[in-house]
Every structure is written in C-alpha cells, then in structure tokens.
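Have a look at target16.cif; it's mmCIF, C-alpha atoms:
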```cif
data_input
#
loop_
_atom_site.label_atom_id
_atom_site.label_comp_id
_atom_site.auth_asym_id
_atom_site.auth_seq_id
_atom_site.Cartn_x
_atom_site.Cartn_y
_atom_site.Cartn_z
CA MET E 27 19.55 4.91 -16.80
CA LYS E 28 21.26 4.18 -20.12
CA ARG E 29 17.91 3.61 -21.77
CA ASN E 30 16.62 6.90 -20.37
CA LYS E 31 19.59 8.76 -21.77
CA ARG E 32 19.03 7.22 -25.18
CA PHE E 33 15.38 8.21 -25.01
CA TYR E 34 16.19 11.82 -24.18
CA VAL E 35 18.75 11.99 -26.95
CA ALA E 36 16.16 10.66 -29.39
CA VAL E 37 13.62 13.26 -28.27
CA LEU E 38 16.21 16.03 -28.59
CA LEU E 39 17.22 14.87 -32.08
CA LEU E 40 13.60 14.67 -33.17
CA THR E 41 12.92 18.16 -31.85
CA MET E 42 15.97 19.53 -33.64
CA VAL E 43 14.93 17.89 -36.89
CA MET E 44 11.48 19.41 -36.55
CA VAL E 45 12.85 22.87 -35.75
CA LEU E 46 15.23 22.62 -38.69
CA GLY E 47 12.45 21.53 -40.98
CA PHE E 48 10.28 24.35 -39.83
CA ALA E 49 13.12 26.81 -40.25
CA THR E 50 13.76 25.54 -43.78
CA PHE E 51 10.11 25.94 -44.56
CA CYS E 52 10.13 29.49 -43.22
CA MET E 53 13.21 30.43 -45.20
CA ALA E 54 11.86 28.88 -48.37
CA SER E 55 8.59 30.69 -48.18
CA GLY E 56 10.19 33.95 -47.16
CA THR E 57 7.76 34.78 -44.40
CA ILE E 58 5.07 32.86 -42.68
CA PRO E 59 1.98 33.52 -44.71
CA ALA E 60 -0.39 35.74 -42.84
CA PRO E 61 -3.77 34.07 -42.72
CA ALA E 62 -6.58 35.96 -44.30
CA GLY E 63 -8.53 36.67 -41.18
CA LYS E 64 -9.40 39.56 -38.99
CA THR E 65 -8.33 40.58 -35.52
CA PRO E 66 -10.53 38.93 -32.95
CA ASP E 67 -13.49 40.85 -31.62
CA PHE E 68 -13.65 41.20 -27.92
CA GLY E 69 -16.81 39.42 -27.14
CA ASN E 70 -17.28 37.01 -29.99
CA TRP E 71 -20.24 35.39 -28.33
CA PHE E 72 -20.17 32.38 -30.59
CA VAL E 73 -16.66 31.56 -29.45
CA VAL E 74 -17.65 32.23 -25.86
CA GLY E 75 -20.65 29.95 -26.16
CA TRP E 76 -18.72 27.22 -27.90
CA THR E 77 -15.92 27.42 -25.35
CA ALA E 78 -18.38 27.15 -22.48
CA VAL E 79 -20.06 24.15 -24.12
CA ASN E 80 -16.69 22.56 -24.85
CA PHE E 81 -15.50 23.14 -21.33
CA PHE E 82 -18.53 21.46 -19.86
CA ILE E 83 -18.13 18.58 -22.31
CA LEU E 84 -14.55 18.27 -21.03
CA LEU E 85 -15.84 18.35 -17.47
CA ALA E 86 -18.34 15.60 -18.27
CA LEU E 87 -15.64 13.52 -19.96
CA LEU E 88 -13.36 13.96 -16.98
CA TYR E 89 -16.15 12.96 -14.62
CA LYS E 90 -16.85 9.89 -16.72
CA PHE E 91 -13.28 8.81 -17.35
CA ALA E 92 -11.25 10.34 -14.54
CA TYR E 93 -12.96 11.48 -11.37
CA ASN E 94 -15.51 8.73 -10.93
CA PRO E 95 -13.24 5.75 -11.69
CA ILE E 96 -10.33 7.28 -9.79
CA ASN E 97 -12.49 8.09 -6.77
CA ALA E 98 -13.92 4.59 -6.83
CA MET E 99 -10.43 3.19 -7.12
CA LEU E 100 -9.17 5.36 -4.27
CA GLU E 101 -12.02 4.23 -2.09
CA GLU E 102 -11.38 0.61 -3.01
CA ARG E 103 -7.70 1.07 -2.32
CA SER E 104 -8.31 2.62 1.09
CA ASN E 105 -10.77 -0.17 1.89
CA THR E 106 -8.23 -2.76 0.82
CA ILE E 107 -5.51 -1.17 2.90
CA GLU E 108 -7.83 -0.87 5.87
CA SER E 109 -8.92 -4.48 5.64
CA SER E 110 -5.32 -5.58 5.13
CA LEU E 111 -4.28 -3.71 8.25
CA LYS E 112 -7.18 -5.19 10.16
CA HIS E 113 -6.33 -8.62 8.92
CA ALA E 114 -2.69 -8.12 9.87
CA GLU E 115 -3.79 -7.07 13.34
CA GLU E 116 -5.98 -10.16 13.64
CA VAL E 117 -3.18 -12.40 12.47
CA LYS E 118 -0.86 -10.76 14.96
CA ILE E 119 -3.29 -11.43 17.80
CA GLU E 120 -3.77 -14.98 16.59
CA VAL E 121 -0.04 -15.57 16.42
CA GLU E 122 0.36 -14.15 19.91
CA GLN E 123 -2.35 -16.47 21.16
CA MET E 124 -0.77 -19.41 19.41
CA ARG E 125 2.57 -18.54 20.91
CA LYS E 126 1.08 -18.44 24.38
CA GLU E 127 -0.70 -21.70 23.76
CA THR E 128 2.45 -23.32 22.50
CA GLN E 129 4.36 -22.08 25.50
CA SER E 130 1.80 -23.43 27.91
CA ASN E 131 1.74 -26.69 25.99
CA LEU E 132 5.48 -26.88 26.19
CA ALA E 133 5.47 -26.24 29.91
CA GLU E 134 2.80 -28.87 30.36
CA SER E 135 4.72 -31.35 28.27
CA ARG E 136 7.82 -30.68 30.25
CA LYS E 137 5.98 -31.22 33.48
CA GLU E 138 4.45 -34.40 32.15
CA ALA E 139 7.81 -35.65 31.01
CA GLN E 140 9.24 -34.96 34.43
CA GLU E 141 6.35 -36.82 35.98
CA ILE E 142 6.91 -39.76 33.67
CA VAL E 143 10.59 -39.82 34.50
CA ALA E 144 9.82 -39.63 38.23
CA ARG E 145 7.29 -42.38 37.93
CA ALA E 146 9.67 -44.53 35.96
CA THR E 147 12.42 -43.92 38.46
CA LYS E 148 10.10 -44.88 41.30
CA ALA E 149 8.97 -48.00 39.49
CA ALA E 150 12.56 -48.95 38.83
CA ASP E 151 13.41 -48.37 42.50
CA ASP E 152 10.44 -50.46 43.55
CA ALA E 153 11.44 -53.24 41.21
CA LYS E 154 15.01 -53.07 42.45
CA ASN E 155 13.91 -53.27 46.07
CA GLU E 156 11.54 -56.08 45.31
CA ILE E 157 14.23 -58.04 43.50
CA ILE E 158 16.71 -57.46 46.31
CA ASN E 159 14.16 -58.46 48.94
CA LYS E 160 13.20 -61.53 47.00
CA ALA E 161 16.85 -62.45 46.57
CA LYS E 162 17.42 -61.96 50.27
CA GLU E 163 14.40 -64.05 51.09
CA ASP E 164 15.49 -66.75 48.70
CA ALA E 165 18.96 -66.70 50.14
CA ALA E 166 17.54 -66.96 53.63
CA ASN E 167 15.29 -69.83 52.58
CA ILE E 168 18.14 -71.63 50.92
CA LYS E 169 20.29 -71.08 53.98
CA ASP E 170 17.55 -72.31 56.31
CA LYS E 171 16.99 -75.31 54.16
CA ALA E 172 20.69 -76.04 54.03
CA THR E 173 20.99 -75.63 57.80
CA ALA E 174 18.04 -77.95 58.35
CA GLU E 175 19.54 -80.48 55.98
CA ILE E 176 22.88 -80.24 57.68
CA GLN E 177 21.22 -80.67 61.06
CA ALA E 178 19.22 -83.65 59.84
CA ALA E 179 22.38 -85.15 58.38
CA THR E 180 24.22 -84.55 61.63
CA GLU E 181 21.40 -86.14 63.58
CA GLN E 182 21.41 -89.08 61.25
CA ALA E 183 25.18 -89.33 61.45
CA LYS E 184 25.00 -89.22 65.23
CA VAL E 185 22.43 -91.99 65.26
CA GLU E 186 24.51 -94.06 62.85
CA LEU E 187 27.65 -93.40 64.87
CA LYS E 188 25.88 -94.44 68.05
CA ASP E 189 24.66 -97.67 66.43
CA THR E 190 28.12 -98.43 65.05
CA ALA E 191 29.75 -97.62 68.39
CA ALA E 192 27.26 -99.88 70.24
CA THR E 193 27.94 -102.68 67.83
CA LEU E 194 31.70 -102.15 68.13
CA ALA E 195 31.51 -102.03 71.91
CA LEU E 196 29.44 -105.21 71.99
CA LEU E 197 31.98 -106.95 69.81
CA ALA E 198 34.78 -105.71 72.00
CA ALA E 199 33.00 -106.79 75.19
CA GLU E 200 32.26 -110.20 73.68
CA LYS E 201 35.91 -110.52 72.85
CA VAL E 202 36.95 -109.52 76.37
CA LEU E 203 34.46 -111.66 78.22
CA ASN E 204 34.51 -114.40 75.72
CA ARG E 205 31.11 -115.31 76.36
CA ALA E 206 27.85 -114.31 75.14
CA ILE E 207 25.51 -112.39 77.11
CA THR E 208 22.00 -112.43 76.07
CA ASP E 209 21.58 -109.99 73.35
CA ASP E 210 18.91 -107.95 75.02
CA ASP E 211 20.90 -107.48 78.22
CA HIS E 212 23.95 -106.44 76.34
CA LYS E 213 22.20 -104.13 74.09
CA ASN E 214 20.59 -102.37 76.98
CA MET E 215 23.88 -102.07 78.84
CA VAL E 216 25.75 -100.85 75.87
CA LYS E 217 23.11 -98.39 74.84
CA GLU E 218 23.13 -96.93 78.32
CA PHE E 219 26.86 -96.61 78.21
CA VAL E 220 26.97 -95.17 74.71
CA ASN E 221 24.31 -92.69 75.55
CA GLU E 222 26.37 -91.51 78.50
CA ALA E 223 29.50 -91.47 76.42
CA GLY E 224 27.72 -89.84 73.50
CA ASP E 225 26.43 -87.12 75.74
CA LEU E 226 29.92 -86.56 76.94
CA LEU E 227 31.34 -86.59 73.40
CA CYS E 228 28.79 -84.43 71.68
CA MET I 15 0.04 41.39 -40.78
CA ILE I 16 -0.31 40.65 -37.14
CA PHE I 17 0.74 37.10 -36.68
CA GLY I 18 -1.24 35.04 -34.21
CA MET I 19 -4.09 37.51 -33.92
CA TRP I 20 -6.55 35.79 -36.03
CA ASP I 21 -10.17 34.95 -35.79
CA GLU I 22 -11.99 33.30 -38.61
CA VAL I 23 -15.05 31.17 -39.05
CA LEU I 24 -14.07 27.77 -40.37
CA PHE I 25 -17.54 26.46 -41.17
CA HIS I 26 -21.14 26.79 -40.10
CA LEU I 27 -22.89 24.18 -38.04
CA GLY I 28 -26.43 24.99 -39.10
CA PRO I 29 -26.80 28.68 -38.31
CA ILE I 30 -23.99 28.67 -35.76
CA PRO I 31 -20.54 29.65 -36.99
CA VAL I 32 -17.64 27.47 -35.86
CA ASP I 33 -14.27 29.17 -35.44
CA HIS I 34 -10.87 27.59 -35.87
CA LEU I 35 -10.44 28.04 -32.14
CA VAL I 36 -13.47 25.91 -31.45
CA VAL I 37 -12.14 23.10 -33.61
CA THR I 38 -8.81 23.33 -31.77
CA GLU I 39 -10.71 23.06 -28.49
CA TRP I 40 -12.49 19.98 -29.76
CA VAL I 41 -9.18 18.37 -30.64
CA LEU I 42 -7.71 19.23 -27.24
CA ILE I 43 -10.74 17.92 -25.41
CA ALA I 44 -10.68 14.74 -27.46
CA LEU I 45 -6.99 14.38 -26.57
CA ILE I 46 -7.58 14.88 -22.83
CA GLY I 47 -10.58 12.55 -22.96
CA THR I 48 -8.57 9.88 -24.76
CA ILE I 49 -5.74 10.11 -22.26
CA ALA I 50 -8.24 9.91 -19.40
CA TYR I 51 -9.95 6.95 -21.05
CA LEU I 52 -6.67 5.14 -21.65
CA ALA I 53 -5.50 5.87 -18.11
CA THR I 54 -8.63 4.58 -16.42
CA ARG I 55 -9.66 1.91 -18.93
CA ASN I 56 -8.13 -0.90 -16.96
CA MET I 57 -7.92 0.30 -13.38
CA GLN I 58 -5.52 -1.62 -11.17
CA LEU I 59 -5.39 -1.59 -7.40
CA VAL I 60 -1.67 -0.96 -7.64
CA PRO I 61 -1.36 1.84 -10.21
CA ARG I 62 1.21 1.63 -13.00
CA GLY I 63 2.25 3.73 -15.96
CA LEU I 64 -0.36 6.06 -17.40
CA GLN I 65 -2.89 5.28 -14.69
CA ASN I 66 -0.34 6.22 -12.05
CA ALA I 67 0.52 9.52 -13.76
CA PHE I 68 -3.10 10.49 -14.33
CA GLU I 69 -4.13 9.51 -10.82
CA ALA I 70 -1.22 11.53 -9.49
CA ILE I 71 -2.47 14.64 -11.34
CA ILE I 72 -6.02 14.21 -10.05
CA ILE I 73 -4.94 13.46 -6.48
CA TRP I 74 -2.33 16.21 -6.47
CA THR I 75 -4.81 18.85 -7.58
CA TYR I 76 -7.38 17.59 -5.11
CA ASP I 77 -4.88 17.69 -2.24
CA PHE I 78 -3.71 21.09 -3.34
CA PHE I 79 -7.21 22.58 -3.29
CA THR I 80 -7.98 20.86 -0.01
CA GLN I 81 -5.00 22.59 1.53
CA LEU I 82 -5.96 25.89 -0.02
CA MET I 83 -9.58 25.81 1.14
CA ASP I 84 -10.01 25.05 4.80
CA LYS I 85 -13.36 23.36 4.21
CA GLU I 86 -12.87 19.91 2.81
CA HIS I 87 -16.40 19.41 1.54
CA VAL I 88 -16.07 22.58 -0.53
CA ALA I 89 -12.76 21.41 -1.92
CA LYS I 90 -14.29 18.05 -2.76
CA LYS I 91 -17.16 19.76 -4.57
CA TRP I 92 -15.07 22.18 -6.62
CA ALA I 93 -11.80 20.30 -7.20
CA PRO I 94 -13.12 18.55 -10.35
CA LEU I 95 -13.89 21.91 -11.98
CA LEU I 96 -10.50 23.31 -11.04
CA THR I 97 -8.71 20.21 -12.29
CA ALA I 98 -10.58 20.56 -15.56
CA PHE I 99 -9.44 24.21 -15.75
CA PHE I 100 -5.88 23.13 -15.13
CA LEU I 101 -5.87 20.38 -17.75
CA PHE I 102 -7.67 22.46 -20.37
CA ILE I 103 -5.42 25.50 -19.95
CA LEU I 104 -2.26 23.39 -19.78
CA PHE I 105 -3.05 21.48 -22.96
CA SER I 106 -4.20 24.63 -24.67
CA ASN I 107 -1.02 26.50 -23.73
CA TYR I 108 1.18 23.67 -24.87
CA SER I 109 -0.72 23.24 -28.12
CA GLY I 110 1.05 26.34 -29.42
CA LEU I 111 4.40 24.64 -28.97
CA ILE I 112 3.73 21.63 -31.18
CA PRO I 113 6.38 21.84 -33.92
CA GLY I 114 4.81 22.90 -37.16
CA ALA I 115 1.55 23.90 -35.54
CA ALA I 116 1.98 27.46 -36.75
CA ASN I 117 2.01 26.13 -40.33
CA ILE I 118 -1.63 25.18 -40.06
CA PRO I 119 -3.44 28.22 -41.42
CA GLY I 120 -5.33 29.98 -38.72
CA TYR I 121 -3.99 27.84 -35.94
CA GLN I 122 -3.41 29.38 -32.54
CA PRO I 123 -3.69 28.13 -28.99
CA PRO I 124 -7.24 28.74 -27.72
CA THR I 125 -5.95 30.45 -24.59
CA SER I 126 -4.25 33.12 -26.69
CA ASN I 127 -7.69 34.39 -27.64
CA TRP I 128 -9.45 36.64 -25.17
CA ASN I 129 -12.87 35.22 -25.90
CA VAL I 130 -11.75 31.86 -24.62
CA THR I 131 -10.00 33.17 -21.52
CA MET I 132 -13.00 35.35 -20.81
CA THR I 133 -15.27 32.31 -20.95
CA LEU I 134 -13.06 30.47 -18.48
CA ALA I 135 -12.98 33.53 -16.20
CA LEU I 136 -16.76 33.83 -16.40
CA ILE I 137 -17.12 30.18 -15.40
CA THR I 138 -14.90 30.96 -12.41
CA PHE I 139 -16.99 34.07 -11.66
CA PHE I 140 -20.25 32.14 -11.59
CA SER I 141 -18.67 29.24 -9.70
CA VAL I 142 -17.43 31.61 -7.01
CA HIS I 143 -20.87 33.09 -6.41
CA ILE I 144 -22.68 29.76 -6.66
CA ALA I 145 -20.21 28.28 -4.17
CA GLY I 146 -20.62 31.22 -1.81
CA PHE I 147 -24.40 31.16 -2.04
CA SER I 148 -24.66 27.40 -1.55
CA GLU I 149 -22.34 27.61 1.45
CA HIS I 150 -23.82 30.61 3.26
CA GLY I 151 -27.31 30.93 1.75
CA GLY I 152 -28.77 34.44 1.68
CA GLY I 153 -26.17 35.64 4.17
CA TYR I 154 -23.63 35.47 1.37
CA PHE I 155 -24.88 38.75 -0.12
CA ARG I 156 -24.07 40.58 3.11
CA HIS I 157 -20.42 40.65 2.15
CA PHE I 158 -21.21 43.04 -0.70
CA VAL I 159 -22.18 45.68 1.89
CA SER I 160 -19.47 44.90 4.40
CA PRO I 161 -18.04 46.49 6.40
CA ASN I 162 -20.38 49.33 5.46
CA PRO I 163 -23.02 49.85 2.74
CA ALA I 164 -20.84 52.64 1.39
CA PHE I 165 -18.40 49.98 0.25
CA LEU I 166 -20.91 48.43 -2.14
CA PRO I 167 -19.43 50.01 -5.30
CA LEU I 168 -15.90 49.00 -4.28
CA ASN I 169 -16.99 45.44 -3.55
CA LEU I 170 -18.77 45.23 -6.89
CA ILE I 171 -15.69 46.53 -8.70
CA GLU I 172 -13.63 43.90 -6.87
CA GLU I 173 -15.99 41.18 -7.99
CA ILE I 174 -15.72 42.36 -11.59
CA ALA I 175 -11.95 42.83 -11.35
CA HIS I 176 -11.44 39.18 -10.51
CA PRO I 177 -12.66 37.68 -13.78
CA LEU I 178 -11.23 40.59 -15.74
CA SER I 179 -7.78 40.02 -14.27
CA LEU I 180 -8.06 36.28 -14.92
CA THR I 181 -9.04 36.94 -18.53
CA VAL I 182 -6.36 39.43 -19.31
CA ARG I 183 -3.57 37.65 -17.43
CA LEU I 184 -3.99 34.35 -19.22
CA PHE I 185 -4.69 35.88 -22.59
CA GLY I 186 -1.79 38.34 -22.33
CA ASN I 187 0.73 35.78 -21.25
CA ILE I 188 -0.06 33.16 -23.85
CA PHE I 189 -0.69 35.61 -26.64
CA GLY I 190 2.55 37.45 -25.85
CA GLU I 191 4.48 34.24 -25.69
CA GLU I 192 3.08 33.11 -29.03
CA MET I 193 3.91 36.46 -30.57
CA VAL I 194 7.47 36.38 -29.26
CA ILE I 195 8.03 32.88 -30.62
CA ALA I 196 6.50 33.84 -33.94
CA PHE I 197 8.68 36.91 -34.29
CA LEU I 198 11.79 35.04 -33.20
CA LEU I 199 11.01 32.39 -35.82
CA PHE I 200 10.57 35.17 -38.29
CA LEU I 201 13.86 36.89 -37.38
CA ALA I 202 16.09 33.92 -36.59
CA PRO I 203 14.42 30.66 -37.48
CA PHE I 204 17.20 28.43 -36.24
CA ILE I 205 18.09 27.42 -32.62
CA ILE I 206 17.27 30.78 -31.04
CA PRO I 207 13.51 30.27 -30.77
CA SER I 208 14.12 26.98 -28.98
CA ALA I 209 15.30 28.93 -25.90
CA MET I 210 12.04 30.84 -25.88
CA MET I 211 10.16 27.61 -26.53
CA GLY I 212 11.79 26.09 -23.43
CA LEU I 213 10.69 29.14 -21.50
CA SER I 214 7.21 28.74 -22.94
CA LEU I 215 7.00 25.25 -21.53
CA LEU I 216 7.52 26.73 -18.10
CA LEU I 217 5.23 29.65 -18.80
CA GLY I 218 2.38 27.47 -20.03
CA ALA I 219 2.48 25.37 -16.87
CA ILE I 220 2.79 28.42 -14.64
CA GLN I 221 -0.16 30.20 -16.26
CA ALA I 222 -2.30 27.08 -15.95
CA ILE I 223 -1.38 26.79 -12.28
CA VAL I 224 -1.89 30.49 -11.63
CA PHE I 225 -5.34 30.55 -13.20
CA THR I 226 -6.36 27.46 -11.22
CA ILE I 227 -4.93 28.68 -7.92
CA LEU I 228 -6.60 32.09 -8.27
CA SER I 229 -9.94 30.44 -9.08
CA ALA I 230 -9.50 28.17 -6.09
CA SER I 231 -8.64 31.05 -3.80
CA TYR I 232 -11.67 33.06 -5.00
CA ILE I 233 -13.88 30.06 -4.27
CA ALA I 234 -12.16 29.60 -0.91
CA ALA I 235 -12.70 33.26 -0.08
CA SER I 236 -16.39 33.21 -1.00
CA THR I 237 -17.03 30.02 1.00
CA GLY I 238 -14.78 30.99 3.91
CA GLU I 239 -15.86 32.00 7.38
CA ALA I 240 -15.34 35.73 6.79
CA HIS I 241 -18.84 36.04 5.32
#
```
Starting from the file, lay out its structure as structure tokens.
Amino acid sequence: MKRNKRFYVAVLLLTMVMVLGFATFCMASGTIPAPAGKTPDFGNWFVVGWTAVNFFILLALLYKFAYNPINAMLEERSNTIESSLKHAEEVKIEVEQMRKETQSNLAESRKEAQEIVARATKAADDAKNEIINKAKEDAANIKDKATAEIQAATEQAKVELKDTAATLALLAAEKVLNRAITDDDHKNMVKEFVNEAGDLLC
Amino acid sequence: MIFGMWDEVLFHLGPIPVDHLVVTEWVLIALIGTIAYLATRNMQLVPRGLQNAFEAIIIWTYDFFTQLMDKEHVAKKWAPLLTAFFLFILFSNYSGLIPGAANIPGYQPPTSNWNVTMTLALITFFSVHIAGFSEHGGGYFRHFVSPNPAFLPLNLIEEIAHPLSLTVRLFGNIFGEEMVIAFLLFLAPFIIPSAMMGLSLLLGAIQAIVFTILSASYIAASTGEAH
C-alpha cells in the first residue's frame, strides 16, 4: 500500500514536471508553431489504404502474439483444471474405498482379537481344570497309598502283637504251671486262645 | 492556423506517399505488437503480471462480445477483429495525450483524422456484410427489401449511415478533444489543461469502447435471427 502510494506520487510528479516543461516551452516560443501542412482531404486514399494495411498487420500481429497463444493457453488451462478435478474425484473415491477397507479390516481385527482372547481364556480354563483334576487325582492316590500303608502297618502290628501276646501268655502259663508242655501243644492252645481274644479285642 | 488539422506527406515509399499519420500508426502497431509479444513470450499456466493483464483484456472483450451476440460461434469468429479495433483505437486516442507529443511537428493521433476513422468504419461495414452473408447465405439480402420492397432505399441509407456515423463520431470526438487541449494549452498552459487531459483519458477509452460495441452490435444484427 505504501509502495503504491509512493508510485502514484512519483507518476504525478513526473506528469507535473512534463506539463511544466511543456508550458515553459510554449511560453518561450510564444505560440505552438503551426506546421506547414494543409487541411486533410476527405478521402485521402493513400491514408485509407495505408490504414487498412496497417490495421490488418496489427490483426496479424495480434493473432500471432495474442489470440493464438492465449487461446492455446486457455485451452490448456481448462484441460488442466478438468483433469485436476477428475483426478481429485478419483482420489476422493479411492480414499473412500480405502476408508471402507480400513474399517472392515478394523472390524475383522477386532473380531479376531476377540476370538484369540476367547480361545486363550478357554485354554486357560482347560489348563486350570486339568491341573485341578490332576491335583485331585494325585491327592486321592496319595491318600489311597497312605491308607493302604496304614492298613498294612496295622495288619503287621496286629500280627506282631498277636505273636508277642502268645509268647507272653506262654511264659505266663509256664510260670503258673511250672512245667513245660510240649511246645507244639502249647503253641496251638495259645494261638487258639489269642485268636479268640484278638477277635474280641479288635 | 488550425492546430491539429494537418495532413502532410512525410516521405515517399517508391511511388506511394507516406503520411505522418501512417508513421504514427506504424509506431502504435509496433507498440501493441511489442506488448503482446512481451505478454505472451513466456506463457504460464498461472498468469502473472503483464500476461495476466493482456489475457484479461482479450478474455474480457471476448466475453463481452459473446454476451452481445447470442451466437457464440459468430462471436468467436469476430471477437479478434473487434479486439483489434479496441486496442488500435484506444492506443491511438491515448497517443495524443503523451506529454510533449504535440511538439513533434505534424504529430496528431491517427483517430483524429477522418481518413483513418473512415477506414476503420469501412472495415466494420464490410465485416458486417461478410458476417451476415456467411451466416445466412443468399437469404441475407432479403433484409434489404424487408418488410416491403418499398423500404429498399431506406434500408440502403441505413446501411450507409452506420459507417458514416462511426466515422464521424470517432473523428469528431478525438479531433475535438485534441483541439480543446491544444487551445487550452495555448490560452493557459499551466495546470488547467490537465483537467481536460484527465477527461480525455476517459473520453479516449469511451470512444474506443463505443466504436467496438457499435461494430459488434452491427455484426450481431446482421447475423441475428431477424434475417
């Protein structure tokens, strides 16, 4: 804006200087010298002919330097704009398609992820159940084994107790009777007794 | 002494005399050609500067004539001629306003001479009839006897009045304007003529536009559907 103002002021100053110069010239020379010519004829056919020729030269120049290049440029410009618009439309469609694709991909991914999570959850559940079952089974086995062992030990203890009791009873009977009975007789008697007593005790 | 009314042979080109006016025309045409050349020398897809301005003139005139004539192909065919009229008359009118131009002995704007304006009007005259004939063929000549053969003389007078009015209008305006400026310079050489010069700027443009519009409307009328 400031530059424009300066430009206009410069043009105005230049014009004023020129007008002043011209005025000075006019005043110095008194009047503008009348050229030594004659008033123009109406129908100076040389001027008419020259003007016509000049005008058609101008027309040719304009065709060469203005109309043809400008028309070509306008056509090129409209082609460019058209192709740009077309391209923009294509890009728009492509983007829309890509958007749809992305959306469907996203949905698919989400579904897949859900599936994976479900599968993982199921696997974890399965593993958990398996572990628990195995633990239970193990516990049961251990318990069974322990029970069996205990039973075996009890049996053994019973047998040992019976033997000890038979021996003790024999010793006691020997002491009471003070005589020895043949071992086999005694053993049989005592065993019979202990078995009866054992059955009663156990 | 009648200032500005001057017609003198400057030199002879073989047997053909060359007037001052003709030399002025050459200079103007060279100027327009140079501007056109500079404007379109390095055409850009996105116009800038001189190219933009020149393109705007060409496109504006083309659009203007297209609006004026309802047939676009006619406008397309004749717009270059009309644009050339416009540029030539505009530059010619403004050439009288160049400071110091009146100091050149024998200088005057070409359009302030009736021979020049008559030539331009004659080009319009022939263009009108060529346009009409090429658009309507032989049927074009029917409009000379329409609506009734009795109107033939009137129609002919009308056809002659068109170029005559174009000639005299342009010549009268520019010649008168030049005379007024010359006499103002003669009477009061300081400041006062500048007001008239400002007016002349407007006048020169208006006369160029008027001549072009009238030519366009004559062409539009001769190619229109009325015939």
On this structure, the PyMOL selection byres ((chain I and resi 213) around 12) would catch which residues? List them as a PDB file with C-alpha atoms, in the coordinates of the input, sorted by chain and number.
```
ATOM      1  CA  TYR I 108       1.180  23.670 -24.870  1.00  0.00           C
ATOM      2  CA  LEU I 111       4.400  24.640 -28.970  1.00  0.00           C
ATOM      3  CA  ASN I 187       0.730  35.780 -21.250  1.00  0.00           C
ATOM      4  CA  ILE I 188      -0.060  33.160 -23.850  1.00  0.00           C
ATOM      5  CA  GLU I 191       4.480  34.240 -25.690  1.00  0.00           C
ATOM      6  CA  GLU I 192       3.080  33.110 -29.030  1.00  0.00           C
ATOM      7  CA  VAL I 194       7.470  36.380 -29.260  1.00  0.00           C
ATOM      8  CA  ILE I 195       8.030  32.880 -30.620  1.00  0.00           C
ATOM      9  CA  ILE I 206      17.270  30.780 -31.040  1.00  0.00           C
ATOM     10  CA  PRO I 207      13.510  30.270 -30.770  1.00  0.00           C
ATOM     11  CA  SER I 208      14.120  26.980 -28.980  1.00  0.00           C
ATOM     12  CA  ALA I 209      15.300  28.930 -25.900  1.00  0.00           C
ATOM     13  CA  MET I 210      12.040  30.840 -25.880  1.00  0.00           C
ATOM     14  CA  MET I 211      10.160  27.610 -26.530  1.00  0.00           C
ATOM     15  CA  GLY I 212      11.790  26.090 -23.430  1.00  0.00           C
ATOM     16  CA  SER I 214       7.210  28.740 -22.940  1.00  0.00           C
ATOM     17  CA  LEU I 215       7.000  25.250 -21.530  1.00  0.00           C
ATOM     18  CA  LEU I 216       7.520  26.730 -18.100  1.00  0.00           C
ATOM     19  CA  LEU I 217       5.230  29.650 -18.800  1.00  0.00           C
ATOM     20  CA  GLY I 218       2.380  27.470 -20.030  1.00  0.00           C
ATOM     21  CA  ALA I 219       2.480  25.370 -16.870  1.00  0.00           C
ATOM     22  CA  ILE I 220       2.790  28.420 -14.640  1.00  0.00           C
TER      23      ILE I 220
END
```
Near-range 168-181 of chain I list (6 Å; all atoms listed in the file; drop same-chain fewer than 5 positions) as a list in words =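 In the requested form, the answer reads Thr131, Met132, Ala135 and Phe158 of chain I.
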By how many Å are CA of Val130 in chain I and CA of Phe25 in chain I apart?
->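 We find that CA of Val130 in chain I and CA of Phe25 in chain I lie 18.3 Å from each other.
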Let me know the residues the PyMOL selection byres ((chain E and resi 217) around 10) catches in the file above, as a list in words.
->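 So the PyMOL selection byres ((chain E and resi 217) around 10), applied here, picks out Lys188, Asp189, Ala191, Ala192, Thr193, Ala195, Leu196, Asp211, His212, Lys213, Asn214, Met215, Val216, Glu218, Phe219, Val220, Asn221, Glu222, Ala223 and Gly224 of chain E.
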Interatomic distance (Å, one decimal) between CA of Leu64 in chain I and CA of Leu101 in chain I =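 Interatomic distance here is 15.3 Å.
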Between CA of Asp152 in chain E and CA of Gln140 in chain E, what is the distance, to one decimal in Å?
-> 18.0 Å
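Compared by their closest atoms to chain E, and using all atoms listed in the file, the residues I:Lys85, I:Arg156, I:Arg55, I:His26 rank with I:Arg55 nearest.
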Of the listed residues I:Val159, I:Ile103, I:Leu201, I:Leu59, that which approaches Glu101 in chain E most closely, counting all atoms listed in the file =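 Going through I:Val159, I:Ile103, I:Leu201, I:Leu59 one by one, the smallest distance to Glu101 in chain E is for I:Leu59.
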For the PyMOL selection byres ((chain I and resi 69) around 10), applied here, can you spell out every residue it catches as an mmCIF file with C-alpha atoms, in the frame of the given file?
```cif
data_model
loop_
_atom_site.group_PDB
_atom_site.id
_atom_site.type_symbol
_atom_site.label_atom_id
_atom_site.label_comp_id
_atom_site.auth_asym_id
_atom_site.auth_seq_id
_atom_site.Cartn_x
_atom_site.Cartn_y
_atom_site.Cartn_z
ATOM 1 C CA ALA E 92 -11.250 10.340 -14.540
ATOM 2 C CA TYR E 93 -12.960 11.480 -11.370
ATOM 3 C CA PRO E 95 -13.240 5.750 -11.690
ATOM 4 C CA ILE E 96 -10.330 7.280 -9.790
ATOM 5 C CA ASN E 97 -12.490 8.090 -6.770
ATOM 6 C CA MET E 99 -10.430 3.190 -7.120
ATOM 7 C CA LEU E 100 -9.170 5.360 -4.270
ATOM 8 C CA ALA I 50 -8.240 9.910 -19.400
ATOM 9 C CA ALA I 53 -5.500 5.870 -18.110
ATOM 10 C CA THR I 54 -8.630 4.580 -16.420
ATOM 11 C CA PRO I 61 -1.360 1.840 -10.210
ATOM 12 C CA ARG I 62 1.210 1.630 -13.000
ATOM 13 C CA LEU I 64 -0.360 6.060 -17.400
ATOM 14 C CA GLN I 65 -2.890 5.280 -14.690
ATOM 15 C CA ASN I 66 -0.340 6.220 -12.050
ATOM 16 C CA ALA I 67 0.520 9.520 -13.760
ATOM 17 C CA PHE I 68 -3.100 10.490 -14.330
ATOM 18 C CA ALA I 70 -1.220 11.530 -9.490
ATOM 19 C CA ILE I 71 -2.470 14.640 -11.340
ATOM 20 C CA ILE I 72 -6.020 14.210 -10.050
ATOM 21 C CA ILE I 73 -4.940 13.460 -6.480
ATOM 22 C CA TRP I 74 -2.330 16.210 -6.470
ATOM 23 C CA THR I 75 -4.810 18.850 -7.580
#
```
Excluding Trp71 in chain E and residues on its chain fewer than 6 positions from it, collect all residues at most 10 Å away from it, counting all atoms listed in the file, and give them as a PDB file with C-alpha atoms, in the frame of the given file.
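And here is the file that came out, around-v3.pdb:
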```pdb
ATOM      1  CA  THR E  77     -15.920  27.420 -25.350  1.00  0.00           C
TER       2      THR E  77
ATOM      3  CA  ASN I 129     -12.870  35.220 -25.900  1.00  0.00           C
ATOM      4  CA  VAL I 130     -11.750  31.860 -24.620  1.00  0.00           C
ATOM      5  CA  THR I 133     -15.270  32.310 -20.950  1.00  0.00           C
TER       6      THR I 133
END
```
